[in-house]
Amino acid sequence: MNSNTGNLYVNVIEALDLIWNNKPAEADALLLPYTSSSPRHHLLFAESAFIKSVITEALEDRKIAGERLERAISLAEDHFKAYENKRLPNGVMIDPSQYANYMLDAKAVLADGYTLLAILQLLDDSRIKGFLNMRKGWRTYKEAVVLQGDDSVRNTLKFGFGLFNFLIALIPPGVAQKAASLAGFSGGDKAAGLQYLKECYDSNSVRSIPAGIVLAMNSLFMNIPFDEDSAPALLSEVNTILQAGLQRYPNGSIHHSFAAVASMERSDPITAKKYLDQAMVNSANIVPISPVFIRLLINTHLMAFDFSTASDLIEKLMEQEKRLKSKFVWSQPWNLIRLGAVSAALGQSEKSK
């Protein structure tokens with residue numbers, strides 16, 4: 001991280017390493033002293049809870065993540081207003097050499113905050129709120145990308161701006177694209193989006209980690225069917241990115257779960273199960289068994305035609321989702337369909353009905 005950015009990113013990379021290594025409590029302790037005065041640090045404080053909530057799917061964890069994100073957004077708004085007067089919120093004048101960086105970082109935090117809050121709300125089935133905040137995020141990214149600032153700060157912005165460009169470009173032409181444009185989602189450019197993501201990944205910035213995951217998943221899913229010439233290079237890129245993540249975050253779970261997905265795409269359920277088993281061991285300090293990893297583990301057993309274990313896991317997942325009061329409206333019917341299918345394969349006629 002560029003030293004010219006002053007205190008904007010102090011301890012940020014260290015906190016990220018803790019977050020992605022399944023140490024949210026340690027990350028929170030490191031970030032807490034800065035959360036009242038730094039939008040960037042408060043956003044990371046929120047991300048620590050956000051990633052934990054993704055793994056646990058617990059309503060209380062989502063509530064904490066949402067509250068932290070709302071506070072990060074509010075703090076970034078207050079700071080940006082103060083920065084416009086070339087001062088910090090406490091009235092201290094900003095170092096002229098840092099003014100552009102402070103302005104840009106506050107906008108980047110706002111954009112990321114809106115986007116993460118939108119994802120959280122969509123996961124909770126609050127579609128209108130989620131949609132509105134997603135639109136705010138895209139608009140704020142577009143406002144931020146024209147601002148000046150050091151590369152180390154601009155690189156934090158490239159992930160979100162690149163991701164939106166990439167996703168908007170995937171909207172099918174015709175009615176869907178016109179509707180998206182009217183809703184405020186227009187101007188997507190897939191090639192530009194991937195380039196921004198690549199630059200972000202190569203920069204070792206605050207957003208390099210998720211940028212790498214998106215690039216890996218793009219190579220894995222968006223280039224199917226592989227042809228004989230492109231397949232080795234694409235799979236090599238996926239492996240390189242995921243292995244780098246696994247080496248940097250050996251105690252994490254996110255890269256292990258994506259490595260499992262990549263293994264399943266290569267029709268290797270045995271390796272996928274090994275990655276998922278390790279993901280669950282690594283996250284045991286956060287949650288006894290994550291519903292996310294159970295869903296993926298079910299797929300490995302289905303691929304291996306181990307219908308008995310798959311059936312047991314589906315029932316376990318359904319019980320866990322009921323206990324967690326899961327708001328994933330799609331999950332229950334999907335679980336019932338899969339339970340019925342594997343029960344039929346096992347000759348269990350009562351369960352298959």
# chains A, B, ... in the order shown; residues from 1 in each chain; ligands from 1
$ select_by_dssp --residues "range 75-151 of chain A" --states "helix (DSSP H, G or I)" --output "number ranges by chain"
A: 75-83, 96-123, 127-144, 151
$ write_last_selection --atoms "C-alpha atoms" --output "CSV table (one decimal), in the first residue's frame"
chain,number,residue,atom,x,y,z
A,75,LEU,CA,-19.6,8.3,8.3
A,76,ALA,CA,-18.4,8.5,4.7
A,77,GLU,CA,-21.1,11.0,3.9
A,78,ASP,CA,-20.1,13.2,6.8
A,79,HIS,CA,-16.5,13.0,6.0
A,80,PHE,CA,-17.0,13.8,2.3
A,81,LYS,CA,-18.9,17.0,3.2
A,82,ALA,CA,-16.1,18.0,5.5
A,83,TYR,CA,-13.5,17.2,2.8
A,96,PRO,CA,-3.0,19.6,0.4
A,97,SER,CA,-1.0,16.6,-1.0
A,98,GLN,CA,-3.7,14.3,0.5
A,99,TYR,CA,-6.8,16.2,-0.4
A,100,ALA,CA,-7.6,14.2,-3.6
A,101,ASN,CA,-7.0,10.9,-1.8
A,102,TYR,CA,-9.3,11.7,1.0
A,103,MET,CA,-12.1,12.7,-1.4
A,104,LEU,CA,-11.7,9.7,-3.6
A,105,ASP,CA,-11.5,7.2,-0.7
A,106,ALA,CA,-14.7,8.6,0.9
A,107,LYS,CA,-16.5,8.2,-2.4
A,108,ALA,CA,-15.2,4.6,-2.8
A,109,VAL,CA,-16.3,3.7,0.8
A,110,LEU,CA,-19.8,5.1,0.0
A,111,ALA,CA,-20.0,3.1,-3.2
A,112,ASP,CA,-18.8,-0.1,-1.6
A,113,GLY,CA,-21.0,0.5,1.4
A,114,TYR,CA,-24.2,0.9,-0.7
A,115,THR,CA,-23.3,-2.2,-2.7
A,116,LEU,CA,-22.6,-4.4,0.3
A,117,LEU,CA,-25.7,-3.2,2.1
A,118,ALA,CA,-27.8,-3.9,-1.1
A,119,ILE,CA,-26.4,-7.5,-1.2
A,120,LEU,CA,-27.3,-8.0,2.4
A,121,GLN,CA,-30.8,-6.7,1.9
A,122,LEU,CA,-31.3,-8.9,-1.2
A,123,LEU,CA,-30.2,-11.9,0.7
A,127,ARG,CA,-35.8,-6.5,-2.8
A,128,ILE,CA,-36.8,-2.9,-3.1
A,129,LYS,CA,-34.3,-1.6,-0.5
A,130,GLY,CA,-31.7,-3.8,-2.0
A,131,PHE,CA,-32.4,-2.6,-5.6
A,132,LEU,CA,-32.3,1.1,-4.5
A,133,ASN,CA,-29.0,0.8,-2.7
A,134,MET,CA,-27.6,-1.2,-5.6
A,135,ARG,CA,-28.5,1.7,-7.9
A,136,LYS,CA,-26.9,4.2,-5.4
A,137,GLY,CA,-23.8,2.1,-5.4
A,138,TRP,CA,-23.5,2.1,-9.2
A,139,ARG,CA,-24.1,5.8,-9.4
A,140,THR,CA,-21.5,6.5,-6.7
A,141,TYR,CA,-18.9,4.4,-8.5
A,142,LYS,CA,-19.5,6.4,-11.7
A,143,GLU,CA,-19.1,9.7,-9.7
A,144,ALA,CA,-15.9,8.4,-8.0
A,151,ASP,CA,-3.1,4.7,-7.8
$ residues_around --residues "Ser203 in chain A" --least-positions-apart "6" --cutoff "10 Å" --atoms "only C-alpha atoms" --output "PyMOL selection string"
chain A and resi 1+151-152+155-156+197
$ atom_distance --atom1 "CA of Asp189 in chain A" --atom2 "CA of Ala169 in chain A"
5.3 Å
$ residues_around --residues "Ala345 in chain A" --least-positions-apart "6" --cutoff "12 Å" --atoms "only C-alpha atoms" --output "list in words"
Leu302, Phe305, Asp306, Phe307, Ser308, Ala310, Ser311, Arg338, Leu339, Lys351 and Ser352 of chain A
$ atom_distance --atom1 "CA of Leu296 in chain A" --atom2 "CA of Glu57 in chain A"
14.7 Å
$ residues_around --residues "Asn239 in chain A" --least-positions-apart "2" --cutoff "12 Å" --atoms "only C-alpha atoms" --output "list in words"
Gly212, Ile213, Leu215, Ala216, Met217, Ser219, Leu220, Pro232, Ala233, Leu234, Leu235, Ser236, Glu237, Ile241, Leu242, Gln243, Ala244, Gly245, Leu246, Gln247, His255, His256, Phe258, Ala259, Ala260, Val261, Ala262, Ser263 and Arg266 of chain A
$ closest_residue --among "A:Met318, A:Ile209, A:Ser53, A:Val281" --to "Arg295 in chain A" --atoms "only C-alpha atoms"
A:Met318
$ residues_around --residues "range 27-29 of chain A" --least-positions-apart "6" --cutoff "6 Å" --atoms "only C-alpha atoms" --output "PyMOL selection string"
chain A and resi 15+18-19+45
$ write_last_selection --atoms "C-alpha atoms" --output "short mmCIF file (atom, residue, chain, number, x, y, z; two decimals), in the first residue's frame"
data_model
loop_
_atom_site.label_atom_id
_atom_site.label_comp_id
_atom_site.auth_asym_id
_atom_site.auth_seq_id
_atom_site.Cartn_x
_atom_site.Cartn_y
_atom_site.Cartn_z
CA ALA A 15 -7.17 -6.47 9.20
CA LEU A 18 -7.48 -11.55 9.76
CA ILE A 19 -10.95 -11.27 8.17
CA PHE A 45 -15.36 -3.30 10.45
#
$ atom_distance --atom1 "CA of Ile94 in chain A" --atom2 "CA of Leu147 in chain A"
17.0 Å
